[in-house]
>>> print(open('target.pdb').read())   # PDB, C-alpha atoms and all ligand atoms
ATOM      1  CA  MET A   1     119.341 112.633 106.575
ATOM      2  CA  GLN A   2     120.795 109.938 108.756
ATOM      3  CA  GLN A   3     121.968 106.630 107.391
ATOM      4  CA  SER A   4     120.234 104.051 109.489
ATOM      5  CA  SER A   5     120.241 100.383 108.603
ATOM      6  CA  ASP A   6     116.610  99.940 109.466
ATOM      7  CA  GLN A   7     115.387  96.614 108.171
ATOM      8  CA  GLN A   8     111.772  97.742 108.152
ATOM      9  CA  GLN A   9     112.167 100.251 105.374
ATOM     10  CA  SER A  10     108.623  99.907 104.199
ATOM     11  CA  SER A  11     108.941 102.996 102.051
ATOM     12  CA  ASP A  12     111.824 101.640 100.029
ATOM     13  CA  GLU A  13     109.639  99.470  97.838
ATOM     14  CA  LEU A  14     107.663 102.597  96.977
ATOM     15  CA  ALA A  15     110.668 104.812  96.380
ATOM     16  CA  TYR A  16     110.611 106.862  93.213
ATOM     17  CA  ALA A  17     112.158 109.963  91.694
ATOM     18  CA  ARG A  18     110.873 112.578  89.293
ATOM     19  CA  THR A  19     112.827 112.798  86.090
ATOM     20  CA  ALA A  20     113.727 116.090  84.442
ATOM     21  CA  THR A  21     110.730 115.643  82.166
ATOM     22  CA  GLY A  22     108.388 115.121  85.104
ATOM     23  CA  GLU A  23     108.071 111.391  84.728
ATOM     24  CA  PHE A  24     108.135 108.912  87.583
ATOM     25  CA  LYS A  25     111.118 106.632  87.894
ATOM     26  CA  CYS A  26     111.018 103.641  90.181
ATOM     27  CA  THR A  27     114.077 103.843  92.422
ATOM     28  CA  SER A  28     113.282 100.998  94.761
ATOM     29  CA  SER A  29     116.310  98.912  95.625
ATOM     30  CA  ARG A  30     114.092  95.863  95.199
ATOM     31  CA  CYS A  31     113.591  96.786  91.591
ATOM     32  CA  LYS A  32     116.003  95.445  89.033
ATOM     33  CA  THR A  33     114.714  97.347  86.019
ATOM     34  CA  GLN A  34     113.751 100.714  87.592
ATOM     35  CA  PRO A  35     111.504 101.774  84.721
ATOM     36  CA  VAL A  36     110.091 105.235  84.104
ATOM     37  CA  PHE A  37     106.347 105.947  83.968
ATOM     38  CA  LYS A  38     104.449 108.926  82.705
ATOM     39  CA  ARG A  39     101.701 108.575  85.264
ATOM     40  CA  LYS A  40     102.024 107.988  88.970
ATOM     41  CA  CYS A  41      99.222 105.430  89.002
ATOM     42  CA  ASP A  42     101.211 103.297  86.559
ATOM     43  CA  LEU A  43     104.204 103.561  88.836
ATOM     44  CA  THR A  44     102.082 102.495  91.799
ATOM     45  CA  LYS A  45     100.726  99.554  89.839
ATOM     46  CA  HIS A  46     104.240  98.547  88.888
ATOM     47  CA  GLN A  47     105.537  98.879  92.425
ATOM     48  CA  ASN A  48     102.862  96.549  93.718
ATOM     49  CA  ASN A  49     104.587  93.884  91.666
ATOM     50  CA  HIS A  50     107.815  94.034  93.560
ATOM     51  CA  ARG A  51     106.194  94.088  96.959
ATOM     52  CA  ARG A  52     107.004  90.532  97.749
ATOM     53  CA  PRO A  53     108.481  90.456 101.196
ATOM     54  CA  ARG A  54     107.641  86.811 101.813
ATOM     55  CA  GLU A  55     108.582  84.577  98.971
ATOM     56  CA  CYS A  56     107.794  80.900  99.002
ATOM     57  CA  PRO A  57     110.976  78.869  99.624
ATOM     58  CA  LYS A  58     109.733  76.553  96.875
ATOM     59  CA  ALA A  59     109.697  79.354  94.319
ATOM     60  CA  ASN A  60     112.827  77.970  92.685
ATOM     61  CA  GLU A  61     110.991  74.663  92.282
ATOM     62  CA  GLY A  62     108.276  76.303  90.275
ATOM     63  CA  CYS A  63     105.806  77.336  92.945
ATOM     64  CA  PRO A  64     103.811  80.234  91.513
ATOM     65  CA  TYR A  65     103.035  81.746  94.906
ATOM     66  CA  GLU A  66     103.855  85.420  94.664
ATOM     67  CA  GLY A  67     104.485  85.972  98.325
ATOM     68  CA  GLY A  68     102.316  87.293 101.057
ATOM     69  CA  ALA A  69     102.474  90.595 102.819
ATOM     70  CA  GLU A  70     103.033  88.920 106.139
ATOM     71  CA  GLN A  71     104.828  85.886 107.455
ATOM     72  CA  LYS A  72     101.572  84.263 108.463
ATOM     73  CA  ASP A  73     100.322  84.471 104.881
ATOM     74  CA  LEU A  74     103.356  82.528 103.770
ATOM     75  CA  ASN A  75     102.972  80.072 106.627
ATOM     76  CA  ARG A  76      99.375  79.426 105.635
ATOM     77  CA  HIS A  77     100.500  78.895 102.056
ATOM     78  CA  LEU A  78     103.221  76.461 103.153
ATOM     79  CA  TRP A  79     100.787  74.402 105.177
ATOM     80  CA  SER A  80      98.249  74.186 102.419
ATOM     81  CA  HIS A  81     100.641  73.633  99.495
ATOM     82  CA  HIS A  82     103.825  72.171 100.928
ATOM     83  CA  PRO A  83     102.738  70.374 104.111
ATOM     84  CA  VAL A  84     105.784  68.107 104.093
ATOM     85  CA  TYR A  85     108.112  71.089 103.930
ATOM     86  CA  ALA A  86     106.089  72.887 106.586
ATOM     87  CA  ARG A  87     106.289  69.931 108.952
ATOM     88  CA  GLU A  88     109.991  69.327 108.341
ATOM     89  CA  ASN A  89     110.856  72.961 108.916
ATOM     90  CA  ASN A  90     108.624  73.507 111.920
ATOM     91  CA  ILE A  91     106.661  76.237 110.217
ATOM     92  CA  PRO A  92     104.249  77.549 112.815
ATOM     93  CA  GLU A  93     100.698  76.680 111.976
ATOM     94  CA  GLU A  94      98.349  79.577 112.329
ATOM     95  CA  LYS A  95      96.537  78.930 115.569
ATOM     96  CA  THR A  96      93.723  80.754 117.159
ATOM     97  CA  GLN A  97      92.732  80.477 120.745
ATOM     98  CA  CYS A  98      89.087  79.834 121.531
ATOM     99  CA  ASP A  99      87.870  83.092 122.967
ATOM    100  CA  TYR A 100      85.485  81.482 125.434
ATOM    101  CA  PRO A 101      86.674  82.370 128.939
ATOM    102  CA  GLY A 102      88.451  79.473 130.562
ATOM    103  CA  CYS A 103      88.585  77.358 127.428
ATOM    104  CA  ASP A 104      92.113  76.522 126.328
ATOM    105  CA  TYR A 105      91.221  75.028 122.957
ATOM    106  CA  LYS A 106      93.639  76.142 120.269
ATOM    107  CA  GLY A 107      93.575  75.393 116.602
ATOM    108  CA  ARG A 108      93.303  76.681 113.103
ATOM    109  CA  LYS A 109      90.716  79.377 112.699
ATOM    110  CA  ASP A 110      88.130  77.181 111.040
ATOM    111  CA  ASN A 111      88.730  74.433 113.583
ATOM    112  CA  VAL A 112      88.068  76.859 116.393
ATOM    113  CA  ARG A 113      84.851  77.890 114.730
ATOM    114  CA  ARG A 114      83.850  74.254 114.399
ATOM    115  CA  HIS A 115      84.890  73.594 117.969
ATOM    116  CA  LYS A 116      82.709  76.401 119.211
ATOM    117  CA  GLU A 117      79.776  75.072 117.224
ATOM    118  CA  ASN A 118      80.294  71.538 118.464
ATOM    119  CA  VAL A 119      80.941  72.362 122.098
ATOM    120  CA  ARG A 120      78.291  75.058 122.190
ATOM    121  CA  HIS A 121      79.848  76.965 125.025
ATOM    122  CA  ARG A 122      77.065  77.854 127.359
ATOM    123  CA  ARG A 123      76.886  81.329 128.690
ATOM    124  CA  GLU A 124      75.587  80.198 132.095
ATOM    125  CA  GLN A 125      77.546  78.270 134.656
ATOM    126  CA  PRO A 126      76.530  74.612 134.773
TER     127      PRO A 126
HETATM  128 ZN    ZN A 201     110.248  98.953  90.281
HETATM  129 ZN    ZN A 202     104.785  77.618  97.535
HETATM  130 ZN    ZN A 203      86.304  76.619 123.443
END
>>> encode(input="target.pdb", output="structure tokens", more="lines below")
Ligand SMILES: [Zn+2]
Ligand SMILES: [Zn+2]
Ligand SMILES: [Zn+2]
Amino acid sequence: MQQSSDQQQSSDELAYARTATGEFKCTSSRCKTQPVFKRKCDLTKHQNNHRRPRECPKANEGCPYEGGAEQKDLNRHLWSHHPVYARENNIPEEKTQCDYPGCDYKGRKDNVRRHKENVRHRREQP
């Protein structure tokens, strides 16, 4: 076993150990309580709770957002719930490029959809 300081230790949040009595103990370093479960499915359910890689920076101000799996989930949350914060901190807005060849329209996913409906990109050359 080598001791690497890999930041992407995705397995750590799911780390567990079997106790002498065959129970499942949560050993994740993200876990403060590290409880013991009789059944593995209960352990899995519990471990889902501390899978919060992206916490809302407003959590300490009472935001109930539990955190998304990915940065873009958090970004989307910030733009919809804390737009002032998002603007002040240059949080990247999720943008999608219009997939019509040659079109450089970029925007939020639903805007792109609307754009495509409004512009009605023609398949033929004009
Ligand atoms: Zn745990
Ligand atoms: Zn929030
Ligand atoms: Zn377009």
>>> closest_atom_pairs(input="target.pdb", of="chain A", to="ligand ZN 202 (chain A)", cutoff="8 Å", atoms="only C-alpha atoms and all ligand atoms", output="JSON lines")
{"residue": "A:Cys56", "atom": "CA", "partner": "A:ZN202", "partner_atom": "ZN", "distance": 4.7}
{"residue": "A:Pro57", "atom": "CA", "partner": "A:ZN202", "partner_atom": "ZN", "distance": 6.7}
{"residue": "A:Lys58", "atom": "CA", "partner": "A:ZN202", "partner_atom": "ZN", "distance": 5.1}
{"residue": "A:Ala59", "atom": "CA", "partner": "A:ZN202", "partner_atom": "ZN", "distance": 6.1}
{"residue": "A:Cys63", "atom": "CA", "partner": "A:ZN202", "partner_atom": "ZN", "distance": 4.7}
{"residue": "A:Pro64", "atom": "CA", "partner": "A:ZN202", "partner_atom": "ZN", "distance": 6.6}
{"residue": "A:Tyr65", "atom": "CA", "partner": "A:ZN202", "partner_atom": "ZN", "distance": 5.2}
{"residue": "A:His77", "atom": "CA", "partner": "A:ZN202", "partner_atom": "ZN", "distance": 6.4}
{"residue": "A:Leu78", "atom": "CA", "partner": "A:ZN202", "partner_atom": "ZN", "distance": 5.9}
{"residue": "A:His81", "atom": "CA", "partner": "A:ZN202", "partner_atom": "ZN", "distance": 6.1}
{"residue": "A:His82", "atom": "CA", "partner": "A:ZN202", "partner_atom": "ZN", "distance": 6.5}
>>> residues_near_ligand(input="target.pdb", ligand="ligand ZN 203 (chain A)", cutoff="12 Å", atoms="all atoms listed in the file", output="ChimeraX atom specification")
/A:96-107,109,111-123
>>> atom_distance(input="target.pdb", atom1="atom CA of Lys40 of chain A", atom2="atom CA of Glu70 of chain A")
25.7 Å
>>> closest_atom_pairs(input="target.pdb", of="chain A", to="ligand ZN 201 (chain A)", cutoff="10 Å", atoms="all atoms listed in the file", output="Markdown table")
| residue | atom | partner | partner_atom | distance |
| --- | --- | --- | --- | --- |
| A:Glu13 | CA | A:ZN201 | ZN | 7.6 |
| A:Leu14 | CA | A:ZN201 | ZN | 8.0 |
| A:Ala15 | CA | A:ZN201 | ZN | 8.5 |
| A:Tyr16 | CA | A:ZN201 | ZN | 8.4 |
| A:Lys25 | CA | A:ZN201 | ZN | 8.1 |
| A:Cys26 | CA | A:ZN201 | ZN | 4.8 |
| A:Thr27 | CA | A:ZN201 | ZN | 6.6 |
| A:Ser28 | CA | A:ZN201 | ZN | 5.8 |
| A:Ser29 | CA | A:ZN201 | ZN | 8.1 |
| A:Arg30 | CA | A:ZN201 | ZN | 7.0 |
| A:Cys31 | CA | A:ZN201 | ZN | 4.2 |
| A:Lys32 | CA | A:ZN201 | ZN | 6.9 |
| A:Thr33 | CA | A:ZN201 | ZN | 6.4 |
| A:Gln34 | CA | A:ZN201 | ZN | 4.8 |
| A:Pro35 | CA | A:ZN201 | ZN | 6.4 |
| A:Val36 | CA | A:ZN201 | ZN | 8.8 |
| A:Leu43 | CA | A:ZN201 | ZN | 7.7 |
| A:Thr44 | CA | A:ZN201 | ZN | 9.0 |
| A:Lys45 | CA | A:ZN201 | ZN | 9.6 |
| A:His46 | CA | A:ZN201 | ZN | 6.2 |
| A:Gln47 | CA | A:ZN201 | ZN | 5.2 |
| A:Asn48 | CA | A:ZN201 | ZN | 8.5 |
| A:Asn49 | CA | A:ZN201 | ZN | 7.7 |
| A:His50 | CA | A:ZN201 | ZN | 6.4 |
| A:Arg51 | CA | A:ZN201 | ZN | 9.2 |
>>> resolve_selection(input="target.pdb", expression="the PyMOL selection byres (((chain A and resi 19-22) around 10) and not hetatm)", output="list of chain:residue names")
A:Tyr16, A:Ala17, A:Arg18, A:Glu23, A:Phe24, A:Lys25, A:Val36, A:Phe37, A:Lys38, A:Arg39
>>> atom_distance(input="target.pdb", atom1="atom CA of Glu94 of chain A", atom2="atom CA of Arg108 of chain A")
5.9 Å
>>> closest_residue(input="target.pdb", among="A:Asp42, A:Pro92, A:Asn60, A:Asp110", to="Asp73 of chain A", atoms="all atoms listed in the file")
A:Pro92
>>> atom_distance(input="target.pdb", atom1="atom CA of Tyr85 of chain A", atom2="atom CA of Glu61 of chain A")
12.5 Å
>>> decode(input="target.pdb", residues="segment 16-90 of chain A", atoms="C-alpha atoms", output="compact mmCIF listing (two decimals), in the first residue's frame")
# COMPACT_ATOMS: atom_id res chain seq x y z
CA TYR A 16 -15.85 0.90 5.99
CA ALA A 17 -14.50 -1.91 8.13
CA ARG A 18 -15.99 -5.15 9.39
CA THR A 19 -16.13 -5.41 13.13
CA ALA A 20 -15.30 -8.59 15.02
CA THR A 21 -19.01 -9.34 15.18
CA GLY A 22 -19.41 -8.94 11.43
CA GLU A 23 -21.02 -5.54 11.54
CA PHE A 24 -20.20 -2.67 9.22
CA LYS A 25 -18.41 0.32 10.65
CA CYS A 26 -18.18 3.53 8.70
CA THR A 27 -14.52 4.52 8.60
CA SER A 28 -14.76 7.43 6.22
CA SER A 29 -12.58 10.35 7.22
CA ARG A 30 -15.49 12.59 6.30
CA CYS A 31 -17.55 10.96 8.98
CA LYS A 32 -17.47 12.41 12.45
CA THR A 33 -19.52 9.74 14.20
CA GLN A 34 -18.37 6.57 12.38
CA PRO A 35 -21.34 4.48 13.46
CA VAL A 36 -21.70 0.72 13.18
CA PHE A 37 -24.48 -0.95 11.16
CA LYS A 38 -25.71 -4.49 11.13
CA ARG A 39 -26.58 -4.42 7.46
CA LYS A 40 -24.50 -3.13 4.60
CA CYS A 41 -27.47 -1.42 2.97
CA ASP A 42 -27.91 0.69 6.10
CA LEU A 43 -24.26 1.61 5.93
CA THR A 44 -24.64 2.59 2.28
CA LYS A 45 -27.68 4.70 3.11
CA HIS A 46 -25.76 6.40 5.89
CA GLN A 47 -22.73 7.03 3.72
CA ASN A 48 -24.84 8.78 1.12
CA ASN A 49 -25.44 11.40 3.78
CA HIS A 50 -21.85 12.42 4.06
CA ARG A 51 -21.25 12.55 0.35
CA ARG A 52 -21.30 16.27 0.14
CA PRO A 53 -18.30 17.33 -1.85
CA ARG A 54 -19.76 20.68 -2.85
CA GLU A 55 -21.26 22.55 0.01
CA CYS A 56 -23.01 25.85 -0.48
CA PRO A 57 -20.82 28.71 0.81
CA LYS A 58 -24.00 30.11 2.36
CA ALA A 59 -24.54 26.99 4.45
CA ASN A 60 -23.42 28.83 7.57
CA GLU A 61 -26.10 31.43 6.84
CA GLY A 62 -28.80 28.82 6.95
CA CYS A 63 -28.95 27.66 3.36
CA PRO A 64 -30.38 24.14 3.41
CA TYR A 65 -28.68 23.10 0.19
CA GLU A 66 -27.03 19.78 0.87
CA GLY A 67 -24.38 20.05 -1.78
CA GLY A 68 -24.18 18.71 -5.26
CA ALA A 69 -22.07 15.92 -6.60
CA GLU A 70 -20.36 18.24 -9.02
CA GLN A 71 -19.19 21.81 -9.09
CA LYS A 72 -21.69 22.69 -11.78
CA ASP A 73 -24.54 21.55 -9.55
CA LEU A 74 -23.38 23.98 -6.92
CA ASN A 75 -22.90 26.71 -9.49
CA ARG A 76 -26.44 26.23 -10.73
CA HIS A 77 -27.67 26.40 -7.15
CA LEU A 78 -25.71 29.60 -6.51
CA TRP A 79 -27.16 31.28 -9.57
CA SER A 80 -30.70 30.35 -8.75
CA HIS A 81 -30.59 30.99 -4.98
CA HIS A 82 -27.78 33.45 -4.36
CA PRO A 83 -27.47 35.43 -7.60
CA VAL A 84 -25.81 38.37 -5.86
CA TYR A 85 -23.15 36.11 -4.39
CA ALA A 86 -22.73 34.34 -7.71
CA ARG A 87 -22.21 37.61 -9.56
CA GLU A 88 -19.84 39.04 -6.95
CA ASN A 89 -17.72 35.91 -6.92
CA ASN A 90 -17.67 35.34 -10.66
